[in-house]
Amino acid sequence: MNRAVLGSVLSLMSGALFGAGLLLSGMNNPEKVRAFLDVFGAWQPALIAVMASAVLIFGLAFALSQRMDKPWFADRFHVPSLLGIDRRLLFGAVLFGMGWGLVGLCPGPALVNLLSFDHRILLFLLALFVGNRIAHGVVGPAK
Amino acid sequence: MMYEVVGGVLIGLAATLLWFSVGRISGMTGVVSSVFMLRDVQRHWAFWFLLGLVLTYPLAQWFGLEISIQMTDDYGLILAAGLLVGIGTYLGNGCTSGHGVCGTARLSPRSIVATCVFIAVGVLTVALMNALFGGGA
């Protein structure tokens with residue numbers, strides 16, 4: 001098998017692992033996420049453990065990768081090139097936080113719930129894609 | 001708490017696998033945007049990542065995992081939330097996965113700031129809705 005095929009196979013496996021993590025932790029359940037955000041009410045902080053363990057593991061992996069010349073099946077590591085903290089970042093994060101709080105869905109959990117064919121999930125995803133294209137139309141290609 | 005830790009470990013391993021194999025950050029916002037880059041789509045890592053991600057649901061069901069999706073039935077609210085999340089993540093170049101997990105783990109100041117902002121705004125939004133509608137949204 002060539003490098004491109006192996007890269008695709010491992011990307012598929014990574015997506016499946018990611019989805020399994022979302023489903024197993026309950027991150028895919030919007031009311032659980034809203035309960036996590038309900039700090040001033042009936043707060044359920046358990047989802048902190050999802051983020052903490054994921055950050056810990058990827059933090060170690062990222063540090064290890066500094067000693068690698070390049071990934072196994074690609075020419076280079078695509079480190080995000082944007083570094084500045086500007087109004088666009090802050091405005092985007094505010095809008096995202098509002099939408100996230102409204103129903104408890106962010107992009108990953110919405111996508112992993114796609115094949116539930118729940119009408120509410122499908123509507124959210126449709127609006128998410130429309131929003132993505134509206135922003136693309138207004139500010140141009142993603143950086 | 002056990003399921004949350006195991007789930008988080010799997011997400012961390014998934015991000016590690018993608019980074020080590022093809023050198024890409026597993027951010028869902030980028031995956032969503034990539035759906036619109038249809039040229040040579042099958043050669044794009046995001047296509048395979050997305051395929052693996054969405055197939056997890058039926059696979060988990062087949063394995064007998066109990067999956068619950070509890071959420072509001074208010075279509076207007078869902079529509080507004082989807083638009084806000086779509087626009088906001090595009091403008092901010094990331095969401096819970098790209099900024100919250102990967103960026104924070106890389107100690108990227110940009111991602112850490114974005115993560116603090118969207119969590120704080122999410123907390124405020126829920127608090128405000130509870131105050132206005134008694135949590136019945």
# chains A, B, ... in the order shown; residues from 1 in each chain; ligands from 1
$ select_by_dssp --residues "region 18-113 of chain A" --states "alpha helix (DSSP H)" --output "PDB file with C-alpha atoms, in the first residue's frame"
ATOM      1  CA  PHE A  18     -12.968  10.443  17.707  1.00  0.00           C
ATOM      2  CA  GLY A  19     -16.622   9.511  17.185  1.00  0.00           C
ATOM      3  CA  ALA A  20     -16.371   6.666  19.701  1.00  0.00           C
ATOM      4  CA  GLY A  21     -14.952   9.101  22.252  1.00  0.00           C
ATOM      5  CA  LEU A  22     -17.789  11.564  21.694  1.00  0.00           C
ATOM      6  CA  LEU A  23     -20.466   8.886  21.975  1.00  0.00           C
ATOM      7  CA  LEU A  24     -18.935   7.104  24.980  1.00  0.00           C
ATOM      8  CA  SER A  25     -18.406  10.313  26.957  1.00  0.00           C
ATOM      9  CA  PRO A  30     -26.944  18.182  23.898  1.00  0.00           C
ATOM     10  CA  GLU A  31     -28.702  18.284  27.289  1.00  0.00           C
ATOM     11  CA  LYS A  32     -25.617  16.823  28.979  1.00  0.00           C
ATOM     12  CA  VAL A  33     -23.503  19.544  27.380  1.00  0.00           C
ATOM     13  CA  ARG A  34     -25.955  22.237  28.480  1.00  0.00           C
ATOM     14  CA  ALA A  35     -25.871  20.837  32.032  1.00  0.00           C
ATOM     15  CA  PHE A  36     -22.074  21.141  31.872  1.00  0.00           C
ATOM     16  CA  LEU A  37     -22.442  24.798  30.848  1.00  0.00           C
ATOM     17  CA  ILE A  48     -14.456  18.516  32.207  1.00  0.00           C
ATOM     18  CA  ALA A  49     -12.851  15.068  32.364  1.00  0.00           C
ATOM     19  CA  VAL A  50     -13.357  14.615  28.598  1.00  0.00           C
ATOM     20  CA  MET A  51     -11.509  17.770  27.736  1.00  0.00           C
ATOM     21  CA  ALA A  52      -8.828  17.314  30.402  1.00  0.00           C
ATOM     22  CA  SER A  53      -7.887  13.793  29.318  1.00  0.00           C
ATOM     23  CA  ALA A  54      -8.019  14.623  25.609  1.00  0.00           C
ATOM     24  CA  VAL A  55      -5.839  17.717  26.107  1.00  0.00           C
ATOM     25  CA  LEU A  56      -3.366  15.774  28.251  1.00  0.00           C
ATOM     26  CA  ILE A  57      -2.917  13.030  25.661  1.00  0.00           C
ATOM     27  CA  PHE A  58      -2.694  15.284  22.635  1.00  0.00           C
ATOM     28  CA  GLY A  59      -0.379  17.614  24.573  1.00  0.00           C
ATOM     29  CA  LEU A  60       2.056  14.735  25.146  1.00  0.00           C
ATOM     30  CA  ALA A  61       1.709  13.602  21.528  1.00  0.00           C
ATOM     31  CA  PHE A  62       2.333  17.091  20.208  1.00  0.00           C
ATOM     32  CA  ALA A  63       5.444  17.454  22.370  1.00  0.00           C
ATOM     33  CA  LEU A  64       6.699  14.064  21.128  1.00  0.00           C
ATOM     34  CA  SER A  65       6.070  15.070  17.518  1.00  0.00           C
ATOM     35  CA  ARG A  87     -11.380  40.821  16.619  1.00  0.00           C
ATOM     36  CA  ARG A  88     -12.385  38.197  14.071  1.00  0.00           C
ATOM     37  CA  LEU A  89     -11.287  35.374  16.418  1.00  0.00           C
ATOM     38  CA  LEU A  90     -13.033  36.915  19.424  1.00  0.00           C
ATOM     39  CA  PHE A  91     -16.240  37.727  17.530  1.00  0.00           C
ATOM     40  CA  GLY A  92     -16.320  34.204  16.105  1.00  0.00           C
ATOM     41  CA  ALA A  93     -15.797  32.644  19.544  1.00  0.00           C
ATOM     42  CA  VAL A  94     -18.612  34.779  21.000  1.00  0.00           C
ATOM     43  CA  LEU A  95     -21.084  33.752  18.261  1.00  0.00           C
ATOM     44  CA  PHE A  96     -20.044  30.119  18.606  1.00  0.00           C
ATOM     45  CA  GLY A  97     -20.454  30.226  22.385  1.00  0.00           C
ATOM     46  CA  MET A  98     -23.950  31.653  22.032  1.00  0.00           C
ATOM     47  CA  GLY A  99     -25.039  28.963  19.562  1.00  0.00           C
ATOM     48  CA  TRP A 100     -23.397  26.243  21.674  1.00  0.00           C
ATOM     49  CA  GLY A 101     -25.228  27.406  24.792  1.00  0.00           C
ATOM     50  CA  LEU A 102     -28.589  27.715  23.038  1.00  0.00           C
ATOM     51  CA  VAL A 103     -28.987  23.994  22.274  1.00  0.00           C
ATOM     52  CA  PRO A 107     -19.838  20.691  15.185  1.00  0.00           C
ATOM     53  CA  GLY A 108     -18.264  17.339  16.219  1.00  0.00           C
ATOM     54  CA  PRO A 109     -21.205  15.994  18.243  1.00  0.00           C
ATOM     55  CA  ALA A 110     -23.662  17.198  15.588  1.00  0.00           C
ATOM     56  CA  LEU A 111     -21.721  15.311  12.898  1.00  0.00           C
ATOM     57  CA  VAL A 112     -21.384  12.133  14.948  1.00  0.00           C
TER      58      VAL A 112
END
$ closest_residue --among "B:Phe118, B:Ile25, B:Gly134, B:Gly76" --to "chain A" --atoms "only C-alpha atoms"
B:Phe118
$ residues_around --residues "Arg24 (chain B)" --least-positions-apart "3" --cutoff "9 Å" --atoms "only C-alpha atoms" --output "PyMOL selection string"
(chain A and resi 77-79) or (chain B and resi 15+18-21+27+45)
$ atom_distance --atom1 "CA of Gln61 (chain B)" --atom2 "CA of Thr16 (chain B)"
25.4 Å
$ residues_around --residues "Arg3 (chain A)" --least-positions-apart "6" --cutoff "12 Å" --atoms "only C-alpha atoms" --output "PyMOL selection string"
(chain A and resi 9-10+71-75) or (chain B and resi 21-22+43)
